[in-house]
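Read through the structure below, which is laid out as structure tokens, and then see the notes.
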Amino acid sequence: MKYSNQTRILVAIDSIIFGFDGSDYKILLIQRGFAPEKEKWSLMGGFVQINESVDEAADRILKQLTGLEDVYLEQLQVFGTPDRDPIERVIAVAYVALIDIKKYQQQINDDFHARWFLIKDLPKLIFDHEEMVKTALDRLRYKAMFHPILFELLPDKFTLPQLQTMYESLFDIKIDKRNFSRKILSTSLLKKEKDKDKSSSKKGAYFYSLDEEYYREKFQSILNFIPRNEIPMLNE
């Protein structure tokens with residue numbers, strides 16, 4: 001038995017995939033392979049199948065289009081204005097994915113002409129995808145203030161200056177180096193490595209790695225990671 005007098009509505013998944021290249025944030029886009037808006041730039045997405053949940057669909061689509069799995073993937077928001085897709089009534093469930101851009105660069109599926117774009121230099125996107133990106137970026141900034149979520153973007157080893165650059169780039173601010181280092185190290189999230197990165201100076205900067213077990217255990221309890229009063233855009 002089916003519900004009578006009801007119109008078919010499709011459910012789509014769209015993923016905003018963030019990466020960080022060491023100095024700037026990027027988003028992974030694909031060229032849409034079918035009409036409408038064929039060959040226009042789009043977020044990665046697909047339709048939910050009848051036998052899967054939206055989370056299962058998000059995992060499947062991400063792996064199918066990029067080859068990526070076991071990455072940070074979080075449901076963002078539902079986008080459902082009646083005219084968002086000109087073909088059929090489609091409700092989109094948007095997800096945010098955070099990946100180590102270098103680790104997964106070679107796994108991207110070339111069949112879909114996937115390409116990384118700087119957030120500050122995105123091409124025109126189809127439908128309401130630009131609104132999705134803005135919403136995702138606002139959410140990322142908000143969560144990054146309170147929790148160490150940006151560590152999902154890092155390689156296995158990194159320096160404190162690299163970590164600081166990642167935060168400064170997201171919020172478009174300058175952070176005091178001494179205060180930042182003290183705050184980061186006080187969380188006990190990092191393990192100091194024996195080797196140094198000497199690509200920027202002879203003295204070099206020690207590499208650190210993330211204590212994965214502690215990170216997973218304490219993720220929700222580490223609050224005010226970046227003090228709100230240090231971020232002008234959130235105090236206007």
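Quick note on naming: the chains in the structure tokens go A, B, ... in the order shown, residues restart at 1 in each chain, and ligands are numbered from 1 in order of appearance.
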
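Excluding Phe151 of chain A and any residue on its chain fewer than 6 positions from it, the residues at most 10 Å away by only C-alpha atoms are A:Leu98, A:Ile99, A:Asp100, A:Ala144, A:Leu163, A:Met166, A:Leu189, A:Ser209, A:Leu210, A:Tyr215.
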
Write a file of the selected residues as an mmCIF file, in the first residue's frame, keeping N, CA and C atoms.
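Result file follows (result.cif):
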```cif
data_model
loop_
_atom_site.group_PDB
_atom_site.id
_atom_site.type_symbol
_atom_site.label_atom_id
_atom_site.label_comp_id
_atom_site.auth_asym_id
_atom_site.auth_seq_id
_atom_site.Cartn_x
_atom_site.Cartn_y
_atom_site.Cartn_z
ATOM 1 N N LEU A 98 35.794 16.809 5.646
ATOM 2 C CA LEU A 98 37.114 17.417 5.872
ATOM 3 C C LEU A 98 38.165 16.362 5.581
ATOM 4 N N ILE A 99 39.089 16.681 4.673
ATOM 5 C CA ILE A 99 40.085 15.683 4.296
ATOM 6 C C ILE A 99 41.478 16.302 4.226
ATOM 7 N N ASP A 100 42.455 15.441 4.382
ATOM 8 C CA ASP A 100 43.859 15.827 4.169
ATOM 9 C C ASP A 100 44.071 15.896 2.658
ATOM 10 N N ALA A 144 35.035 25.319 14.725
ATOM 11 C CA ALA A 144 36.483 25.421 14.933
ATOM 12 C C ALA A 144 36.829 26.300 16.132
ATOM 13 N N LEU A 163 49.906 24.799 11.719
ATOM 14 C CA LEU A 163 48.612 24.737 12.387
ATOM 15 C C LEU A 163 48.042 26.142 12.591
ATOM 16 N N MET A 166 46.640 27.585 9.463
ATOM 17 C CA MET A 166 45.346 26.998 9.135
ATOM 18 C C MET A 166 44.207 27.743 9.837
ATOM 19 N N LEU A 189 46.649 17.466 23.110
ATOM 20 C CA LEU A 189 46.255 16.771 21.888
ATOM 21 C C LEU A 189 47.448 16.324 21.058
ATOM 22 N N SER A 209 52.449 15.415 15.975
ATOM 23 C CA SER A 209 51.404 14.542 15.449
ATOM 24 C C SER A 209 50.247 14.554 16.441
ATOM 25 N N LEU A 210 49.099 14.132 15.970
ATOM 26 C CA LEU A 210 47.898 14.149 16.789
ATOM 27 C C LEU A 210 47.790 12.865 17.597
ATOM 28 N N TYR A 215 42.297 12.593 21.088
ATOM 29 C CA TYR A 215 41.496 13.471 20.234
ATOM 30 C C TYR A 215 40.055 12.980 20.149
#
```

| Mind checking DSSP for segment 116-213 of chain A and telling me the alpha helix (DSSP H) residues as a ChimeraX atom specification? | /A:129-146,160-171,177-186,212-213

| request: With a distance cut-off of 7 Å and only C-alpha atoms, select the neighbouring residues of segment 217-224 of chain A, excluding the residue or stretch itself and same-chain residues fewer than 4 positions from it, and output the selection as a PyMOL selection string. | output: chain A and resi 145-148+213

| A:Phe171, A:Tyr104, A:Phe18, A:Phe127 ranked by distance to Leu73 of chain A, top pick (using only C-alpha atoms) | A:Phe18

| message | Need the shell around Ser186 of chain A: protein/DNA/RNA residues with any atom at most 12 Å away, counting only C-alpha atoms. Skip same-chain ones fewer than 6 positions apart. Format as a PyMOL selection string? | response | chain A and resi 179-180+222+225

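Between atom CA of Ala12 of chain A and atom CA of Lys124 of chain A lies a distance of 20.1 Å.
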
| At what distance in Å, to one decimal, does atom CA of Lys102 of chain A lie from atom CA of Tyr208 of chain A? |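 Between these atoms lies a distance of 17.1 Å.
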
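Nearest to Ser169 of chain A of all the residues A:Lys120, A:Arg115, A:Arg8, A:Arg32 is A:Lys120, counting only C-alpha atoms.
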
| said: Taking only C-alpha atoms into account, name the residue in A:Ala35, A:Ile16, A:Val90, A:Ile226 that is nearest to Leu62 of chain A. | reply: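 Using only C-alpha atoms, Leu62 of chain A sits closest to A:Ile16.
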
| task | Please give the complete set of residues from segment 70-202 of chain A that DSSP, run on the backbone, assigns to strand (DSSP E), formatted as a PyMOL selection string. | result | chain A and resi 72-79+90-98+115-118+158-159+190-197

For N, CA and C atoms, I'd like the residues from the last selection saved as an mmCIF file, in the first residue's frame.
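File written: selection_37.cif
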```cif
data_model
loop_
_atom_site.group_PDB
_atom_site.id
_atom_site.type_symbol
_atom_site.label_atom_id
_atom_site.label_comp_id
_atom_site.auth_asym_id
_atom_site.auth_seq_id
_atom_site.Cartn_x
_atom_site.Cartn_y
_atom_site.Cartn_z
ATOM 1 N N TYR A 72 36.144 12.513 7.794
ATOM 2 C CA TYR A 72 35.163 13.243 8.604
ATOM 3 C C TYR A 72 34.016 13.691 7.702
ATOM 4 N N LEU A 73 32.796 13.254 8.030
ATOM 5 C CA LEU A 73 31.621 13.578 7.228
ATOM 6 C C LEU A 73 30.474 13.860 8.182
ATOM 7 N N GLU A 74 29.926 15.064 8.113
ATOM 8 C CA GLU A 74 28.893 15.487 9.052
ATOM 9 C C GLU A 74 27.721 16.115 8.301
ATOM 10 N N GLN A 75 26.524 15.721 8.687
ATOM 11 C CA GLN A 75 25.334 16.303 8.068
ATOM 12 C C GLN A 75 25.221 17.775 8.443
ATOM 13 N N LEU A 76 24.988 18.606 7.442
ATOM 14 C CA LEU A 76 24.967 20.055 7.630
ATOM 15 C C LEU A 76 23.557 20.592 7.775
ATOM 16 N N GLN A 77 22.754 20.459 6.713
ATOM 17 C CA GLN A 77 21.444 21.097 6.684
ATOM 18 C C GLN A 77 20.654 20.553 5.497
ATOM 19 N N VAL A 78 19.340 20.659 5.589
ATOM 20 C CA VAL A 78 18.477 20.283 4.472
ATOM 21 C C VAL A 78 18.121 21.531 3.676
ATOM 22 N N PHE A 79 18.258 21.441 2.356
ATOM 23 C CA PHE A 79 17.900 22.532 1.456
ATOM 24 C C PHE A 79 16.717 22.065 0.607
ATOM 25 N N VAL A 90 13.207 18.224 -5.705
ATOM 26 C CA VAL A 90 14.345 17.539 -5.092
ATOM 27 C C VAL A 90 14.716 18.230 -3.786
ATOM 28 N N ILE A 91 14.743 17.472 -2.726
ATOM 29 C CA ILE A 91 15.243 17.959 -1.439
ATOM 30 C C ILE A 91 16.686 17.489 -1.292
ATOM 31 N N ALA A 92 17.569 18.399 -0.939
ATOM 32 C CA ALA A 92 18.985 18.053 -0.817
ATOM 33 C C ALA A 92 19.414 18.065 0.650
ATOM 34 N N VAL A 93 20.098 17.002 1.050
ATOM 35 C CA VAL A 93 20.705 16.936 2.377
ATOM 36 C C VAL A 93 22.198 17.206 2.191
ATOM 37 N N ALA A 94 22.664 18.324 2.727
ATOM 38 C CA ALA A 94 24.065 18.722 2.542
ATOM 39 C C ALA A 94 24.931 18.157 3.668
ATOM 40 N N TYR A 95 26.144 17.742 3.283
ATOM 41 C CA TYR A 95 27.125 17.220 4.236
ATOM 42 C C TYR A 95 28.427 18.004 4.106
ATOM 43 N N VAL A 96 29.173 18.065 5.196
ATOM 44 C CA VAL A 96 30.510 18.659 5.203
ATOM 45 C C VAL A 96 31.528 17.533 5.375
ATOM 46 N N ALA A 97 32.521 17.507 4.495
ATOM 47 C CA ALA A 97 33.614 16.535 4.600
ATOM 48 C C ALA A 97 34.923 17.302 4.765
ATOM 49 N N LEU A 98 35.794 16.809 5.646
ATOM 50 C CA LEU A 98 37.114 17.417 5.872
ATOM 51 C C LEU A 98 38.165 16.362 5.581
ATOM 52 N N ARG A 115 38.114 18.769 -9.353
ATOM 53 C CA ARG A 115 39.179 19.772 -9.272
ATOM 54 C C ARG A 115 39.028 20.575 -7.986
ATOM 55 N N TRP A 116 40.189 20.879 -7.373
ATOM 56 C CA TRP A 116 40.199 21.716 -6.178
ATOM 57 C C TRP A 116 40.173 23.194 -6.578
ATOM 58 N N PHE A 117 39.309 23.957 -5.902
ATOM 59 C CA PHE A 117 39.226 25.395 -6.123
ATOM 60 C C PHE A 117 39.430 26.125 -4.801
ATOM 61 N N LEU A 118 40.179 27.233 -4.858
ATOM 62 C CA LEU A 118 40.284 28.098 -3.690
ATOM 63 C C LEU A 118 38.900 28.615 -3.323
ATOM 64 N N PHE A 158 52.909 17.656 11.321
ATOM 65 C CA PHE A 158 52.751 19.078 11.008
ATOM 66 C C PHE A 158 53.482 19.902 12.063
ATOM 67 N N THR A 159 53.692 21.159 11.787
ATOM 68 C CA THR A 159 54.346 22.057 12.739
ATOM 69 C C THR A 159 53.312 23.005 13.338
ATOM 70 N N LEU A 190 48.584 17.024 21.232
ATOM 71 C CA LEU A 190 49.699 16.816 20.321
ATOM 72 C C LEU A 190 50.835 16.015 20.951
ATOM 73 N N LYS A 191 51.502 15.259 20.100
ATOM 74 C CA LYS A 191 52.711 14.540 20.496
ATOM 75 C C LYS A 191 53.885 15.128 19.708
ATOM 76 N N LYS A 192 54.919 15.543 20.419
ATOM 77 C CA LYS A 192 56.084 16.140 19.778
ATOM 78 C C LYS A 192 56.950 15.059 19.151
ATOM 79 N N GLU A 193 57.311 15.259 17.876
ATOM 80 C CA GLU A 193 58.170 14.314 17.179
ATOM 81 C C GLU A 193 59.641 14.712 17.346
ATOM 82 N N LYS A 194 60.538 13.840 16.957
ATOM 83 C CA LYS A 194 61.969 14.114 17.122
ATOM 84 C C LYS A 194 62.546 14.934 15.969
ATOM 85 N N ASP A 195 61.923 14.865 14.801
ATOM 86 C CA ASP A 195 62.469 15.561 13.639
ATOM 87 C C ASP A 195 61.832 16.938 13.446
ATOM 88 N N LYS A 196 62.494 17.735 12.599
ATOM 89 C CA LYS A 196 62.072 19.107 12.357
ATOM 90 C C LYS A 196 61.787 19.355 10.883
ATOM 91 N N ASP A 197 60.955 20.345 10.651
ATOM 92 C CA ASP A 197 60.732 20.854 9.298
ATOM 93 C C ASP A 197 61.679 22.037 9.106
#
```

| Between A:Arg141, A:Glu39, A:Met132, A:Pro86, which one has atoms that come closest to Asp172 of chain A, using only C-alpha atoms? |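 Answer, going by the shortest atom-to-atom distance: A:Arg141.
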
| task | Could you jot down the atom CA of Leu28 of chain A to atom CA of Met44 of chain A separation for me, Å, one decimal place? | result |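 Here the two named atoms are 7.7 Å from each other.
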
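With distances restricted to only C-alpha atoms, A:Lys103 is the closest residue to Gly19 of chain A from A:Lys103, A:Lys183, A:Pro36, A:Asp156.
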
| said: Give me, as a ChimeraX atom specification, all polymer residues having an atom no more than 7 Å from Ile9 of chain A, counting only C-alpha atoms and skipping those fewer than 2 positions away in the same chain. | reply: /A:7,11,89-90

Could those residues be written to a file, using all heavy atoms, as a PDB file, in the first residue's frame?
```pdb
ATOM      1  N   THR A   7       2.750  13.460  -4.115  1.00  0.00           N
ATOM      2  CA  THR A   7       3.674  13.676  -5.225  1.00  0.00           C
ATOM      3  C   THR A   7       5.050  13.097  -4.900  1.00  0.00           C
ATOM      4  O   THR A   7       5.528  13.204  -3.767  1.00  0.00           O
ATOM      5  CB  THR A   7       3.825  15.178  -5.512  1.00  0.00           C
ATOM      6  OG1 THR A   7       2.537  15.720  -5.769  1.00  0.00           O
ATOM      7  CG2 THR A   7       4.735  15.415  -6.714  1.00  0.00           C
ATOM      8  N   VAL A  11      15.290  12.694  -3.011  1.00  0.00           N
ATOM      9  CA  VAL A  11      16.219  13.156  -1.974  1.00  0.00           C
ATOM     10  C   VAL A  11      17.633  13.020  -2.513  1.00  0.00           C
ATOM     11  O   VAL A  11      18.046  11.932  -2.931  1.00  0.00           O
ATOM     12  CB  VAL A  11      16.068  12.350  -0.667  1.00  0.00           C
ATOM     13  CG1 VAL A  11      17.068  12.850   0.373  1.00  0.00           C
ATOM     14  CG2 VAL A  11      14.649  12.462  -0.133  1.00  0.00           C
ATOM     15  N   ARG A  89      11.006  17.948  -8.213  1.00  0.00           N
ATOM     16  CA  ARG A  89      11.057  18.374  -6.808  1.00  0.00           C
ATOM     17  C   ARG A  89      12.125  17.552  -6.110  1.00  0.00           C
ATOM     18  O   ARG A  89      11.999  16.334  -5.928  1.00  0.00           O
ATOM     19  CB  ARG A  89       9.696  18.134  -6.162  1.00  0.00           C
ATOM     20  CG  ARG A  89       9.613  18.583  -4.705  1.00  0.00           C
ATOM     21  CD  ARG A  89       9.441  20.091  -4.615  1.00  0.00           C
ATOM     22  NE  ARG A  89       9.025  20.480  -3.270  1.00  0.00           N
ATOM     23  CZ  ARG A  89       9.866  20.784  -2.267  1.00  0.00           C
ATOM     24  NH1 ARG A  89      11.166  20.748  -2.477  1.00  0.00           N
ATOM     25  NH2 ARG A  89       9.398  21.135  -1.103  1.00  0.00           N
ATOM     26  N   VAL A  90      13.207  18.224  -5.705  1.00  0.00           N
ATOM     27  CA  VAL A  90      14.345  17.539  -5.092  1.00  0.00           C
ATOM     28  C   VAL A  90      14.716  18.230  -3.786  1.00  0.00           C
ATOM     29  O   VAL A  90      14.971  19.443  -3.763  1.00  0.00           O
ATOM     30  CB  VAL A  90      15.578  17.529  -6.029  1.00  0.00           C
ATOM     31  CG1 VAL A  90      16.743  16.819  -5.340  1.00  0.00           C
ATOM     32  CG2 VAL A  90      15.254  16.856  -7.346  1.00  0.00           C
TER      33      VAL A  90
END
```

| field | All residues 12 Å or closer to Asp176 of chain A, only C-alpha atoms, same chain fewer than 2 positions away omitted, as a count of residues only | value | 15

| request: Excluding Ile61 of chain A and residues on its chain fewer than 6 positions from it, collect all residues at most 10 Å away from it, counting only C-alpha atoms, and give them as a list in words. | output: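 Near neighbours after the sequence-gap exclusion: Ile13, Asp14, Ser15, Met44, Gly45, Gly46, Phe47, Val48, Asp55, Gly67 and Leu68 of chain A.
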